[in-house]
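Content type mmCIF, C-alpha atoms, from the file entry35.cif:
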```cif
data_work
#
loop_
_atom_site.label_atom_id
_atom_site.label_comp_id
_atom_site.auth_asym_id
_atom_site.auth_seq_id
_atom_site.Cartn_x
_atom_site.Cartn_y
_atom_site.Cartn_z
CA MET F 1061 0.16 -18.79 -5.50
CA GLU F 1062 -2.87 -17.02 -6.95
CA THR F 1063 -1.09 -14.92 -9.58
CA ALA F 1064 -0.62 -15.33 -13.33
CA LEU F 1065 3.14 -15.87 -13.01
CA GLY F 1066 2.89 -17.97 -9.86
CA LYS F 1067 0.45 -20.39 -11.47
CA SER F 1068 2.57 -20.79 -14.60
CA LEU F 1069 5.77 -21.79 -12.76
CA THR F 1070 6.62 -25.12 -11.16
CA ASP F 1071 8.19 -25.34 -7.71
CA ASP F 1072 11.63 -25.79 -9.24
CA GLU F 1073 11.12 -22.79 -11.52
CA LEU F 1074 10.02 -20.68 -8.54
CA ASP F 1075 13.17 -21.70 -6.67
CA LEU F 1076 15.27 -20.74 -9.69
CA LEU F 1077 13.48 -17.38 -9.92
CA GLY F 1078 14.28 -16.68 -6.26
CA ARG F 1079 17.96 -17.49 -6.74
CA ARG F 1080 18.23 -15.29 -9.83
CA LEU F 1081 16.57 -12.33 -8.14
CA ILE F 1082 18.73 -12.53 -5.03
CA ALA F 1083 21.85 -12.90 -7.20
CA LYS F 1084 20.89 -9.77 -9.14
CA TYR F 1085 20.13 -7.93 -5.89
CA THR F 1086 23.49 -8.91 -4.40
CA ALA F 1087 25.47 -7.90 -7.50
CA THR F 1088 23.72 -4.52 -7.72
CA LYS F 1089 24.15 -3.88 -4.00
CA GLN F 1090 27.92 -4.42 -4.20
CA GLY F 1091 28.19 -1.47 -6.56
CA MET F 1092 26.33 0.77 -4.11
CA ASP F 1093 28.13 -0.41 -0.98
CA SER F 1094 31.59 0.60 -2.20
CA LYS F 1095 31.19 4.41 -2.19
CA TRP F 1096 27.59 5.52 -2.64
CA LEU F 1097 26.07 4.12 0.56
CA PRO F 1098 28.97 5.00 2.93
CA ALA F 1099 28.80 8.59 1.65
CA ARG F 1100 25.03 8.75 2.32
CA VAL F 1101 25.52 7.42 5.84
CA LYS F 1102 28.27 9.99 6.55
CA TYR F 1103 26.38 12.98 5.14
CA LYS F 1104 23.23 12.03 7.05
CA LYS F 1105 25.28 12.08 10.27
CA TYR F 1106 26.67 15.51 9.32
CA ALA F 1107 23.11 16.78 8.77
CA GLU F 1108 22.22 15.54 12.26
CA GLY F 1109 25.29 17.22 13.81
CA ASP F 1110 27.44 14.11 14.19
CA TYR F 1111 31.02 14.78 13.01
CA SER F 1112 32.66 12.06 15.07
CA ASP F 1113 34.30 10.51 12.00
CA ARG F 1114 36.76 13.45 11.95
CA ASN F 1115 38.24 12.42 15.31
CA THR F 1116 41.64 10.84 14.69
CA ARG F 1117 44.64 9.73 16.74
CA ASP F 1118 46.90 11.95 14.69
CA GLU F 1119 47.97 14.62 17.19
CA SER F 1120 49.01 16.90 14.34
CA ASP F 1121 45.36 17.11 13.25
CA ILE F 1122 43.41 19.77 15.15
CA PHE F 1123 40.27 17.58 15.16
CA SER F 1124 42.03 15.15 17.52
CA LYS F 1125 41.95 17.94 20.13
CA ASN F 1126 38.91 20.03 19.22
CA ASN F 1127 36.04 18.94 16.98
CA ILE F 1128 33.36 21.60 17.28
CA PRO F 1129 31.45 21.96 13.99
CA LEU F 1130 30.02 25.34 13.00
CA GLU F 1131 27.44 23.54 10.82
CA PHE F 1132 27.02 26.44 8.40
CA ILE F 1133 26.45 23.91 5.60
CA THR F 1134 23.60 22.38 7.60
CA GLY F 1135 22.10 25.85 8.08
CA ALA F 1136 22.33 26.64 4.37
CA ALA F 1137 20.70 23.32 3.44
CA ASP F 1138 17.93 23.82 5.99
CA PHE F 1139 17.25 27.28 4.55
CA MET F 1140 16.87 25.83 1.06
CA VAL F 1141 14.62 23.06 2.39
CA ALA F 1142 12.36 25.65 4.04
CA ARG F 1143 12.12 27.71 0.85
CA ALA F 1144 11.40 24.69 -1.34
CA CYS F 1145 8.73 23.37 1.02
CA GLU F 1146 7.10 26.80 1.20
CA ASP F 1147 7.04 27.06 -2.60
CA ILE F 1148 5.54 23.58 -3.03
CA PHE F 1149 3.39 23.04 0.07
CA GLY F 1150 2.76 26.62 1.19
CA SER F 1151 -0.82 26.68 -0.06
CA GLU F 1152 -3.54 24.21 -0.92
CA PRO F 1153 -4.80 22.78 -3.17
CA TYR F 1154 -1.64 21.67 -4.93
CA PHE F 1155 -3.52 20.94 -8.15
CA ALA F 1156 -6.17 22.85 -10.04
CA ALA F 1157 -8.86 21.35 -12.25
CA VAL F 1158 -9.87 23.71 -15.06
CA PRO F 1159 -13.39 23.09 -16.45
CA GLN F 1160 -13.45 22.64 -20.23
CA LEU F 1161 -17.23 22.83 -20.69
CA PRO F 1162 -20.03 24.54 -18.75
CA ALA F 1163 -21.17 21.12 -17.50
CA ASP F 1164 -17.72 20.59 -15.93
CA GLU F 1165 -18.01 23.58 -13.58
CA ALA F 1166 -19.31 21.64 -10.57
CA LEU F 1167 -16.80 18.84 -11.08
CA GLY F 1168 -13.98 21.37 -11.43
CA GLN F 1169 -14.78 22.74 -7.97
CA GLN F 1170 -14.91 19.31 -6.36
CA LEU F 1171 -11.75 17.75 -7.86
CA PRO F 1172 -9.18 20.00 -6.10
CA LYS F 1173 -10.79 19.18 -2.75
CA HIS F 1174 -10.74 15.49 -3.60
CA PHE F 1175 -7.08 15.71 -4.66
CA SER F 1176 -6.15 17.38 -1.37
CA TRP F 1177 -7.95 14.72 0.63
CA LYS F 1178 -6.40 11.81 -1.28
CA LEU F 1179 -2.90 13.28 -1.07
CA GLY F 1180 -3.37 13.88 2.64
CA GLU F 1181 -4.35 10.25 3.15
CA ALA F 1182 -1.28 9.20 1.14
CA LYS F 1183 1.04 11.31 3.37
CA PHE F 1184 2.13 13.27 0.29
CA LYS F 1185 3.08 16.42 2.21
CA THR F 1186 4.90 14.66 5.04
CA VAL F 1187 6.88 12.37 2.76
CA GLY F 1188 7.55 15.18 0.31
CA ARG F 1189 9.10 17.37 3.01
CA GLN F 1190 11.31 14.52 4.21
CA ALA F 1191 12.42 13.74 0.66
CA ILE F 1192 13.35 17.38 0.02
CA TRP F 1193 15.32 17.46 3.28
CA ARG F 1194 17.31 14.41 2.24
CA GLY F 1195 17.78 15.78 -1.25
CA PHE F 1196 19.44 19.01 -0.09
CA HIS F 1197 21.46 17.41 2.70
CA ILE F 1198 22.41 14.00 1.32
CA GLY F 1199 21.87 14.15 -2.44
CA GLU F 1200 18.49 12.54 -3.08
CA GLY F 1201 15.29 11.55 -1.33
CA ILE F 1202 13.90 8.24 -2.57
CA VAL F 1203 10.10 8.05 -2.59
CA LYS F 1204 8.01 4.95 -3.16
CA ALA F 1205 4.37 5.17 -4.27
CA THR F 1206 2.21 2.09 -3.71
CA TRP F 1207 -1.42 1.12 -3.20
CA ARG F 1208 -2.20 0.50 0.46
CA ARG F 1209 -5.16 -1.47 1.78
CA THR F 1210 -5.54 -1.50 5.55
CA VAL F 1211 -8.00 -3.99 7.01
CA ASP F 1212 -9.03 -4.08 10.67
CA LYS F 1213 -10.09 -7.61 11.70
CA TYR F 1214 -12.16 -8.15 14.83
CA GLU F 1215 -14.98 -10.17 16.41
CA ARG F 1216 -18.43 -8.94 17.30
CA ILE F 1217 -21.82 -10.19 18.40
CA ALA F 1218 -24.52 -10.03 15.74
CA VAL F 1219 -27.93 -11.50 14.96
CA ILE F 1220 -27.60 -13.52 11.75
CA LEU F 1221 -29.72 -15.96 9.77
CA ILE F 1222 -29.00 -19.65 10.42
CA ASP F 1223 -30.44 -22.86 8.98
CA ALA F 1224 -31.81 -26.00 10.65
CA LYS F 1225 -28.26 -27.37 11.09
CA LYS F 1226 -27.25 -24.22 12.98
CA LYS F 1227 -25.02 -23.11 10.12
CA ALA F 1228 -24.94 -19.52 8.96
CA VAL F 1229 -26.89 -18.77 5.78
CA LEU F 1230 -24.78 -16.71 3.36
CA ASP F 1231 -25.89 -14.48 0.52
CA GLU F 1232 -24.59 -14.68 -3.06
CA ASN F 1233 -21.47 -12.70 -2.04
CA GLY F 1234 -20.62 -15.08 0.80
CA ASP F 1235 -21.64 -12.57 3.49
CA PHE F 1236 -23.79 -13.09 6.54
CA ILE F 1237 -27.46 -12.08 6.44
CA PHE F 1238 -28.08 -9.75 9.37
CA ALA F 1239 -31.43 -9.09 10.96
CA GLU F 1240 -30.96 -5.32 10.73
CA ASP F 1241 -30.24 -5.59 6.99
CA SER F 1242 -33.39 -7.50 6.14
CA ASN F 1243 -37.04 -6.63 5.59
CA LEU F 1244 -39.72 -9.10 6.60
CA LYS F 1245 -42.90 -8.04 4.81
CA GLU F 1246 -46.16 -8.53 6.61
CA MET F 1247 -47.72 -9.49 3.26
CA GLY F 1248 -45.83 -12.78 3.14
CA LEU F 1249 -43.14 -14.82 4.84
CA SER F 1250 -40.29 -13.88 2.53
CA LEU F 1251 -37.02 -12.40 3.68
CA TRP F 1252 -35.55 -9.83 1.36
CA ALA F 1253 -31.99 -8.60 1.39
CA LYS F 1254 -31.91 -4.90 2.21
CA SER F 1255 -32.69 -3.19 -1.09
CA GLU F 1256 -35.29 -1.00 -2.66
CA ILE F 1257 -38.72 -2.60 -3.05
CA VAL F 1258 -41.47 -0.62 -4.74
CA ARG F 1259 -45.00 -1.38 -5.83
CA MET F 1260 -45.30 -1.54 -9.60
CA PRO F 1261 -47.94 1.07 -10.56
CA GLU F 1262 -50.98 -0.04 -12.53
CA GLY F 1263 -50.32 0.23 -16.25
CA ALA F 1264 -46.53 0.49 -15.80
CA GLN F 1265 -44.29 -1.42 -18.20
CA PHE F 1266 -40.72 -1.70 -19.46
CA VAL F 1267 -40.15 0.05 -22.79
CA VAL F 1268 -37.28 1.68 -24.69
CA VAL F 1269 -37.28 5.49 -24.47
CA PRO F 1270 -34.69 6.59 -27.10
CA GLU F 1271 -34.13 10.05 -25.63
CA VAL F 1272 -33.35 8.50 -22.22
CA SER F 1273 -31.71 5.16 -22.90
CA GLN F 1274 -31.39 2.40 -25.48
CA LEU F 1275 -32.27 -0.10 -22.76
CA GLU F 1276 -35.74 -0.90 -21.49
CA ILE F 1277 -36.75 1.27 -18.55
CA LEU F 1278 -39.88 1.36 -16.39
CA VAL F 1279 -42.48 3.95 -17.40
CA ASP F 1280 -45.98 4.69 -16.15
CA ALA F 1281 -49.18 4.53 -18.18
CA LYS F 1282 -48.37 7.94 -19.72
CA GLY F 1283 -44.88 6.86 -20.79
CA VAL F 1284 -43.09 8.92 -18.11
CA PRO F 1285 -40.02 7.15 -16.59
CA ILE F 1286 -40.49 5.99 -12.99
CA PRO F 1287 -37.33 6.73 -10.96
CA THR F 1288 -35.88 4.74 -8.11
CA GLY F 1289 -35.36 6.29 -4.70
CA ASN F 1290 -31.94 7.50 -5.89
CA GLY F 1291 -33.43 9.23 -8.92
CA GLU F 1292 -32.13 6.58 -11.31
CA ASN F 1293 -34.11 4.56 -13.84
CA TRP F 1294 -35.47 1.07 -13.30
CA PHE F 1295 -33.81 -1.03 -16.00
CA SER F 1296 -35.44 -4.30 -16.93
CA GLN F 1297 -32.24 -6.33 -16.50
CA ASP F 1298 -31.63 -4.88 -13.02
CA ALA F 1299 -35.13 -5.32 -11.62
CA GLN F 1300 -36.97 -8.44 -10.56
CA GLU F 1301 -40.75 -8.72 -10.41
CA VAL F 1302 -41.91 -10.03 -7.07
CA LEU F 1303 -45.33 -11.42 -6.14
CA PHE F 1304 -45.80 -11.68 -2.38
CA ALA F 1305 -47.53 -14.79 -1.07
CA ASP F 1306 -50.99 -13.79 0.08
CA GLU F 1307 -54.56 -15.03 -0.22
CA GLU F 1308 -55.40 -11.99 -2.29
CA PRO F 1309 -52.28 -10.76 -4.12
CA ALA F 1310 -51.94 -7.04 -3.63
CA GLY F 1311 -50.11 -6.62 -6.92
CA ALA F 1312 -46.64 -6.90 -8.37
CA PHE F 1313 -43.58 -5.37 -6.72
CA LEU F 1314 -40.13 -4.59 -8.08
CA CYS F 1315 -36.96 -5.34 -6.18
CA LYS F 1316 -33.31 -4.96 -7.09
CA SER F 1317 -30.99 -7.94 -6.57
CA PRO F 1318 -30.13 -9.74 -4.43
CA ILE F 1319 -33.34 -11.42 -3.28
CA ILE F 1320 -33.15 -14.15 -0.67
CA SER F 1321 -36.17 -16.16 0.33
CA GLN F 1322 -36.32 -17.31 3.92
CA GLN F 1323 -37.01 -21.02 4.34
CA SER F 1324 -39.37 -22.27 7.01
CA ASP F 1325 -36.55 -23.89 9.00
CA GLU F 1326 -34.37 -20.77 9.02
CA THR F 1327 -34.27 -18.33 11.88
CA PHE F 1328 -32.23 -15.52 13.35
CA GLU F 1329 -29.82 -16.18 16.16
CA GLU F 1330 -27.21 -14.21 18.06
CA ARG F 1331 -23.69 -15.35 17.24
CA LEU F 1332 -20.06 -14.30 17.77
CA ILE F 1333 -18.74 -13.68 14.26
CA GLU F 1334 -15.46 -12.62 12.71
CA ASP F 1335 -15.69 -9.39 10.79
CA GLU F 1336 -13.37 -6.93 9.11
CA GLU F 1337 -13.47 -3.33 8.03
CA VAL F 1338 -11.36 -1.67 5.35
CA THR F 1339 -10.04 1.42 7.11
CA TYR F 1340 -8.06 2.73 4.15
CA GLU F 1341 -7.59 1.79 0.53
CA GLY F 1342 -5.71 4.06 -1.82
CA LEU F 1343 -2.42 5.69 -2.73
CA ASP F 1344 0.37 5.51 -0.18
CA ASP F 1345 3.71 7.36 -0.25
CA ALA F 1346 6.75 6.26 1.74
CA LEU F 1347 10.30 7.50 2.14
CA VAL F 1348 12.84 4.77 1.45
CA ASP F 1349 16.05 4.77 3.46
CA ALA F 1350 19.24 4.71 1.39
CA GLY F 1351 20.42 1.59 3.22
CA ASP F 1352 17.27 -0.31 2.24
CA PHE F 1353 17.27 0.64 -1.44
CA VAL F 1354 19.27 -0.96 -4.25
CA ALA F 1355 19.39 0.19 -7.88
CA PRO F 1356 22.02 0.54 -10.62
CA LEU F 1357 24.03 3.76 -10.25
CA ASN F 1358 24.76 4.26 -13.96
CA ILE F 1359 21.25 5.09 -15.19
CA ARG F 1360 19.60 8.48 -15.72
CA HIS F 1361 16.25 7.72 -14.10
CA LEU F 1362 15.00 4.99 -11.79
CA SER F 1363 12.24 4.31 -14.32
CA GLU F 1364 14.92 3.03 -16.71
CA SER F 1365 16.25 0.49 -14.23
CA ASP F 1366 16.14 -3.23 -14.97
CA GLY F 1367 16.31 -3.98 -11.27
CA ASN F 1368 15.13 -1.87 -8.31
CA PHE F 1369 15.04 -3.55 -4.90
CA HIS F 1370 13.63 -2.58 -1.51
CA LYS F 1371 14.67 -4.39 1.66
CA LEU F 1372 11.81 -5.00 4.11
CA SER F 1373 11.74 -6.52 7.59
CA LEU F 1374 8.43 -8.39 7.92
CA ARG F 1375 7.09 -10.57 10.70
CA ARG F 1376 5.64 -13.97 9.93
CA SER F 1377 2.12 -12.87 10.88
CA VAL F 1378 2.33 -10.03 8.35
CA LEU F 1379 3.58 -12.38 5.64
CA ARG F 1380 0.63 -14.67 6.33
CA ASP F 1381 -2.11 -12.05 6.57
CA GLU F 1382 -1.01 -9.43 4.05
CA TRP F 1383 1.20 -11.31 1.61
CA GLY F 1384 -0.64 -14.64 1.50
CA MET F 1385 2.28 -16.83 2.58
CA ASP F 1386 1.13 -20.46 2.66
CA ALA F 1387 2.43 -23.38 4.72
CA ALA F 1388 4.69 -24.69 1.93
CA ILE F 1389 6.53 -21.39 1.61
CA GLU F 1390 6.68 -21.00 5.37
CA ALA F 1391 8.39 -24.38 5.62
CA LYS F 1392 11.05 -23.16 3.18
CA ILE F 1393 11.89 -19.94 4.99
CA GLY F 1394 11.66 -21.33 8.52
CA THR F 1395 14.90 -22.40 10.18
CA ASP F 1396 15.74 -23.87 13.56
CA ASP F 1397 16.67 -20.50 15.00
CA GLN F 1398 13.55 -18.85 13.56
CA ARG F 1399 11.02 -21.47 14.61
CA PRO F 1400 8.84 -20.83 17.65
CA LYS F 1401 9.84 -22.68 20.81
CA ASN F 1402 6.68 -22.55 22.86
CA GLU F 1403 7.34 -25.90 24.45
CA ALA F 1404 10.60 -24.61 25.88
CA LYS F 1405 9.11 -21.51 27.48
CA GLN F 1406 6.90 -21.15 30.53
CA ALA F 1407 4.66 -18.30 31.55
CA GLN F 1408 6.21 -15.65 33.74
CA ALA F 1409 3.64 -16.40 36.40
CA GLY F 1410 5.05 -19.91 36.67
CA GLU F 1411 1.73 -21.63 35.98
CA GLY F 1412 3.17 -23.91 33.34
CA GLU F 1413 1.52 -22.12 30.42
CA PRO F 1414 3.55 -21.15 27.36
CA GLY F 1415 4.65 -17.53 27.26
CA PHE F 1416 4.78 -15.37 24.15
CA ASP F 1417 8.03 -14.06 22.76
CA PRO F 1418 7.53 -12.07 19.52
CA GLU F 1419 11.08 -12.82 18.43
CA GLU F 1420 10.37 -16.56 18.51
CA ASP F 1421 6.60 -16.92 18.16
CA ASP F 1422 6.35 -14.28 15.45
CA PRO F 1423 9.88 -14.06 13.97
CA GLU F 1424 10.99 -11.28 11.68
CA TYR F 1425 12.33 -12.09 8.22
CA GLU F 1426 14.51 -9.99 5.95
CA CYS F 1427 12.71 -9.87 2.62
CA ILE F 1428 13.63 -8.25 -0.69
CA GLU F 1429 10.90 -6.62 -2.74
CA CYS F 1430 12.03 -6.94 -6.35
CA TYR F 1431 10.99 -4.91 -9.38
CA ALA F 1432 13.33 -6.45 -11.91
CA LYS F 1433 13.86 -7.84 -15.36
CA VAL F 1434 14.84 -11.48 -15.09
CA GLN F 1435 14.90 -14.64 -17.19
CA ILE F 1436 11.71 -16.71 -17.10
CA GLY F 1437 12.18 -19.90 -19.08
CA ASP F 1438 13.71 -18.93 -22.43
CA ARG F 1439 12.76 -15.25 -22.34
CA MET F 1440 13.28 -12.11 -20.30
CA ALA F 1441 10.36 -10.63 -18.38
CA ARG F 1442 9.79 -7.78 -15.96
CA VAL F 1443 8.51 -9.21 -12.72
CA TYR F 1444 7.50 -8.22 -9.22
CA ALA F 1445 8.43 -10.57 -6.40
CA LEU F 1446 8.85 -10.69 -2.63
CA VAL F 1447 11.73 -13.00 -1.78
CA GLU F 1448 12.99 -14.06 1.64
CA LYS F 1449 16.69 -13.26 1.48
CA LYS F 1450 18.20 -16.10 3.53
CA SER F 1451 16.30 -18.99 1.96
CA GLU F 1452 15.79 -17.27 -1.44
CA ALA F 1453 12.18 -18.50 -1.30
CA VAL F 1454 9.64 -16.61 -3.43
CA ILE F 1455 6.68 -15.63 -1.24
CA VAL F 1456 4.70 -13.94 -4.02
CA CYS F 1457 5.46 -13.06 -7.64
CA ASP F 1458 3.72 -11.77 -10.74
CA TYR F 1459 4.41 -9.89 -13.93
CA LEU F 1460 5.08 -6.22 -13.20
CA GLN F 1461 2.31 -5.19 -15.62
CA ASN F 1462 -0.19 -6.91 -13.32
CA VAL F 1463 1.07 -5.10 -10.23
CA THR F 1464 1.72 -1.46 -11.18
CA PRO F 1465 -0.01 0.77 -13.78
CA ARG F 1466 1.59 0.07 -17.17
CA GLY F 1467 4.35 -1.80 -15.38
CA LEU F 1468 5.93 1.40 -14.07
CA GLN F 1469 8.56 1.43 -11.33
CA PRO F 1470 7.07 2.79 -8.06
CA PHE F 1471 10.27 4.63 -7.09
CA ALA F 1472 11.27 8.24 -7.75
CA ALA F 1473 14.30 10.23 -6.60
CA ILE F 1474 13.90 13.85 -5.45
CA VAL F 1475 17.20 15.47 -6.53
CA PRO F 1476 17.53 19.25 -5.92
CA CYS F 1477 21.17 19.30 -7.15
CA PRO F 1478 21.25 16.81 -10.03
CA VAL F 1479 24.29 15.43 -11.83
CA PRO F 1480 23.84 14.92 -15.59
CA GLY F 1481 23.56 11.30 -16.62
CA ARG F 1482 22.66 9.74 -13.27
CA TRP F 1483 19.57 9.46 -11.08
CA HIS F 1484 21.34 10.32 -7.81
CA GLY F 1485 22.64 13.79 -7.05
CA ARG F 1486 24.91 15.70 -4.71
CA GLY F 1487 23.86 17.20 -1.41
CA PHE F 1488 25.22 20.34 0.22
CA HIS F 1489 27.47 18.33 2.54
CA GLU F 1490 29.18 16.77 -0.49
CA ILE F 1491 29.33 19.92 -2.61
CA TYR F 1492 30.80 22.08 0.16
CA LYS F 1493 32.73 19.48 2.15
CA SER F 1494 36.10 21.13 1.52
CA GLN F 1495 34.87 24.56 2.61
CA SER F 1496 33.17 23.09 5.66
CA LYS F 1497 36.28 21.23 6.77
CA PHE F 1498 38.52 24.28 6.19
CA ILE F 1499 36.29 26.61 8.22
CA ASP F 1500 35.85 24.10 11.05
CA ARG F 1501 39.57 23.37 11.13
CA THR F 1502 40.40 27.08 11.33
CA PHE F 1503 37.78 27.71 14.01
CA ASN F 1504 38.94 24.78 16.18
CA ALA F 1505 42.58 25.92 15.86
CA ILE F 1506 41.66 29.38 17.16
CA ILE F 1507 39.73 28.21 20.20
#
```
So that I can check it, write out the structure of this file as C-alpha cells.
Amino acid sequence: METALGKSLTDDELDLLGRRLIAKYTATKQGMDSKWLPARVKYKKYAEGDYSDRNTRDESDIFSKNNIPLEFITGAADFMVARACEDIFGSEPYFAAVPQLPADEALGQQLPKHFSWKLGEAKFKTVGRQAIWRGFHIGEGIVKATWRRTVDKYERIAVILIDAKKKAVLDENGDFIFAEDSNLKEMGLSLWAKSEIVRMPEGAQFVVVPEVSQLEILVDAKGVPIPTGNGENWFSQDAQEVLFADEEPAGAFLCKSPIISQQSDETFEERLIEDEEVTYEGLDDALVDAGDFVAPLNIRHLSESDGNFHKLSLRRSVLRDEWGMDAAIEAKIGTDDQRPKNEAKQAQAGEGEPGFDPEEDDPEYECIECYAKVQIGDRMARVYALVEKKSEAVIVCDYLQNVTPRGLQPFAAIVPCPVPGRWHGRGFHEIYKSQSKFIDRTFNAII
C-alpha cells in the first residue's frame, strides 16, 4: 500500500484497523437507524407523493377507506426550493473577484469566468439544487466534495521509436517517443524530443541582469535578453548547449530538456500501444443519500465529527483500477459466492466458450469510506480508509491530513430549517406533519 500510513502498519495492524473502523461505523449507524433514518425515508416518500404508510386495517380510521393526499406541504416546500434556487443560482457568476491593485484588473475579469467553469465541471449547481430540495422537504441535504480524476484508457496505433531488440525506447518520464513529436535535423543524425531549439547568436552569453532576474539569463552582444518563443527568458540551468555533428559545425544551438540522442540501431516502427487520457481532474460535488451516510447525531457540525462514513457499492474492476487493490487484499475480500465461476458457464451461443456475467466475473462489494479518528498503536489519529464491510479488509488507508486539505471533512449539510445544537434539521414534512394529517383526514372524510 503506497501511502504513509499503509507502509507504517503491518498486516496484523491493518486487520486491526479494519475491525476498529467497522466497529465504529456499526455503533454510529445504530444510533441513526432507530429514528433518524426511518424518518428520512418516510418524508422522502411524502415529498414524492407516496403516503401509503397511512393505510391501516383499522376501519375506524378514514385512511383505511380513502387516502388521497392534498400535498399542500409538498407545494409549500417546492415553492421555497424555487425561491432559494433563484436567489442562489439565478445569475452567474456566483463569485466576484475584486482587483486590489491596477495590475490585478485583467486577472479580476478572468477569475469569475474560471470559477463558473470549474463549478460547472464539479456539478455545483445541479448538486446544490438537489441538496436544497432535500433540505426543505426532508431536513438536510448532505453534500460531499472530493477531487475527481477521470482517466480514459484505450489502445491505438502509433509510430514509436524502438531499439535493436524491438523494445520501445522511453524518455526520462517513461513515455513513448513518437515520430510526430520528434525533430530529425538535417545537420546531424540526432533525434531531439519535441522542444524549442534555437541557434545561439554570435556574441551571446549567460549573465546576471539584476533588473530582470538574479539568475543567469541569455543576452545578446549588446546585453539585451534573448527571449524564447513563448517570450520567456533562457535561463542557464534550463538550457543545454548543443553542437550538431557535421563536418563544418554551423555553430552552437540551445535546446530545453529533455534531449534524446538517437542511436544507430534505433528506428521508428508502427505499434499497437496502450494509452490513456485524463478527461477530467478537479473538484467534484456529489449528493449523499441519507441511507448511505453515517455520522454522530449529537454534534453541531459535521466538521466536528470524529467519525463520518459513506457507504459505497464498488465493482472489483473499479477497486483494482481506481483504488489500487492488490492481489493480497483481493484474496481477503473474495468469498466463494463472490468469486468468478467462468469454468461453470458456457457461452450463450453454445460454442463452449466462457460467458461473461458481471455479477460473478466483476462482483460488487459493499465498501465503507471512513473519515474517522481511531487508535493507531498507542495513540489516536484521524485517518481516511476504504474498508470492505464483510471481510473488514482495508483496501487503502492514510492519514486524513494527506488526503484532504488541512485534514478537513469533505461533508457538509445544507439545512434550511436548522435546530440549535445539531447538524441535521427539520423539513417541512416534519414541521407540519400534524397539520398535513389533519387536513388530509378532514378532506378524505368529506369525499
What does the PyMOL selection byres ((chain F and resi 1124-1137) around 7) select in this file, as a list in words?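 After applying the PyMOL selection byres ((chain F and resi 1124-1137) around 7), what remains is Ala1107, Asn1115, Thr1116, Arg1117, Asp1118, Glu1119, Asp1121, Ile1122, Phe1123, Asp1138, Phe1139, Met1140, Val1141, Phe1196, His1197, Phe1488, His1489, Ser1496, Asp1500 and Asn1504 of chain F.
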I need the output of the PyMOL selection byres ((chain F and resi 1076) around 10) for this file as JSON, numbers by chain; which residues are they? {"F": [1070, 1071, 1072, 1073, 1074, 1075, 1077, 1078, 1079, 1080, 1081, 1435, 1436, 1437, 1452, 1453, 1454]}
Okay, now the selection with C-alpha atoms, as a PDB file, in the coordinates of the input?
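The file below, out.pdb, is the result:
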```pdb
ATOM      1  CA  THR F1070       6.620 -25.120 -11.160  1.00  0.00           C
ATOM      2  CA  ASP F1071       8.190 -25.340  -7.710  1.00  0.00           C
ATOM      3  CA  ASP F1072      11.630 -25.790  -9.240  1.00  0.00           C
ATOM      4  CA  GLU F1073      11.120 -22.790 -11.520  1.00  0.00           C
ATOM      5  CA  LEU F1074      10.020 -20.680  -8.540  1.00  0.00           C
ATOM      6  CA  ASP F1075      13.170 -21.700  -6.670  1.00  0.00           C
ATOM      7  CA  LEU F1077      13.480 -17.380  -9.920  1.00  0.00           C
ATOM      8  CA  GLY F1078      14.280 -16.680  -6.260  1.00  0.00           C
ATOM      9  CA  ARG F1079      17.960 -17.490  -6.740  1.00  0.00           C
ATOM     10  CA  ARG F1080      18.230 -15.290  -9.830  1.00  0.00           C
ATOM     11  CA  LEU F1081      16.570 -12.330  -8.140  1.00  0.00           C
ATOM     12  CA  GLN F1435      14.900 -14.640 -17.190  1.00  0.00           C
ATOM     13  CA  ILE F1436      11.710 -16.710 -17.100  1.00  0.00           C
ATOM     14  CA  GLY F1437      12.180 -19.900 -19.080  1.00  0.00           C
ATOM     15  CA  GLU F1452      15.790 -17.270  -1.440  1.00  0.00           C
ATOM     16  CA  ALA F1453      12.180 -18.500  -1.300  1.00  0.00           C
ATOM     17  CA  VAL F1454       9.640 -16.610  -3.430  1.00  0.00           C
TER      18      VAL F1454
END
```
Selection as a ChimeraX atom specification: residues within 7 Å of (4.3, 3.0, -2.9), counting all atoms listed in the file: /F:1204-1207,1344-1346,1470
Minimum-distance residue to Asp1349 of chain F, chosen among F:Glu1152, F:Glu1062, F:Asp1438, F:Glu1200 (using only C-alpha atoms):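 Closest to Asp1349 of chain F of all the choices is F:Glu1200.
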Since I can't run it myself right now, could you work out what the PyMOL selection byres ((chain F and resi 1176-1183) around 10) selects here and report it as a list in words?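 Output of the PyMOL selection byres ((chain F and resi 1176-1183) around 10): Glu1152, Pro1153, Tyr1154, Phe1155, Leu1171, Pro1172, Lys1173, His1174, Phe1175, Phe1184, Lys1185, Thr1186, Val1187, Gly1188, Ala1205, Thr1206, Trp1207, Arg1208, Tyr1340, Glu1341, Gly1342, Leu1343, Asp1344, Asp1345 and Ala1346 of chain F.
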Dump as a list of chain:residue names all residues having an atom at most 7 Å from (-16.8, -5.0, 11.9), computed in the file's coordinates with all atoms listed in the file.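 Selection result: F:Tyr1214, F:Arg1216, F:Asp1335, F:Glu1336, F:Glu1337.
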Go through segment 1345-1368 of chain F residue by residue and, counting all atoms listed in the file, keep those with an atom at most 9 Å from segment 1082-1091 of chain F; for each kept residue give the shortest atom pair and its distance in Å to one decimal, ordered by chain and increasing number, as a tab-separated table.
```
residue	atom	partner	partner_atom	distance
F:Phe1353	CA	F:Lys1089	CA	8.6
F:Val1354	CA	F:Lys1089	CA	5.7
F:Ala1355	CA	F:Thr1088	CA	6.4
F:Pro1356	CA	F:Thr1088	CA	6.1
F:Leu1357	CA	F:Gly1091	CA	7.6
F:Gly1367	CA	F:Lys1084	CA	7.7
F:Asn1368	CA	F:Tyr1085	CA	8.2
```
Between F:Glu1271, F:Glu1165, F:Glu1292, F:Asp1223, which residue has the minimum interatomic distance to Glu1329 of chain F, considering all atoms listed in the file?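 Ranking F:Glu1271, F:Glu1165, F:Glu1292, F:Asp1223 by distance to Glu1329 of chain F, first place goes to F:Asp1223.
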Interatomic distance (Å, one decimal) between atom CA of Lys1493 of chain F and atom CA of Ser1112 of chain F: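 According to the coordinates, atom CA of Lys1493 of chain F and atom CA of Ser1112 of chain F are separated by 14.9 Å.
Atom CA of Ser1363 of chain F is positioned 5.5 Å from atom CA of Gln1469 of chain F.
Atom CA of His1361 of chain F lies 15.8 Å from atom CA of Lys1433 of chain F.
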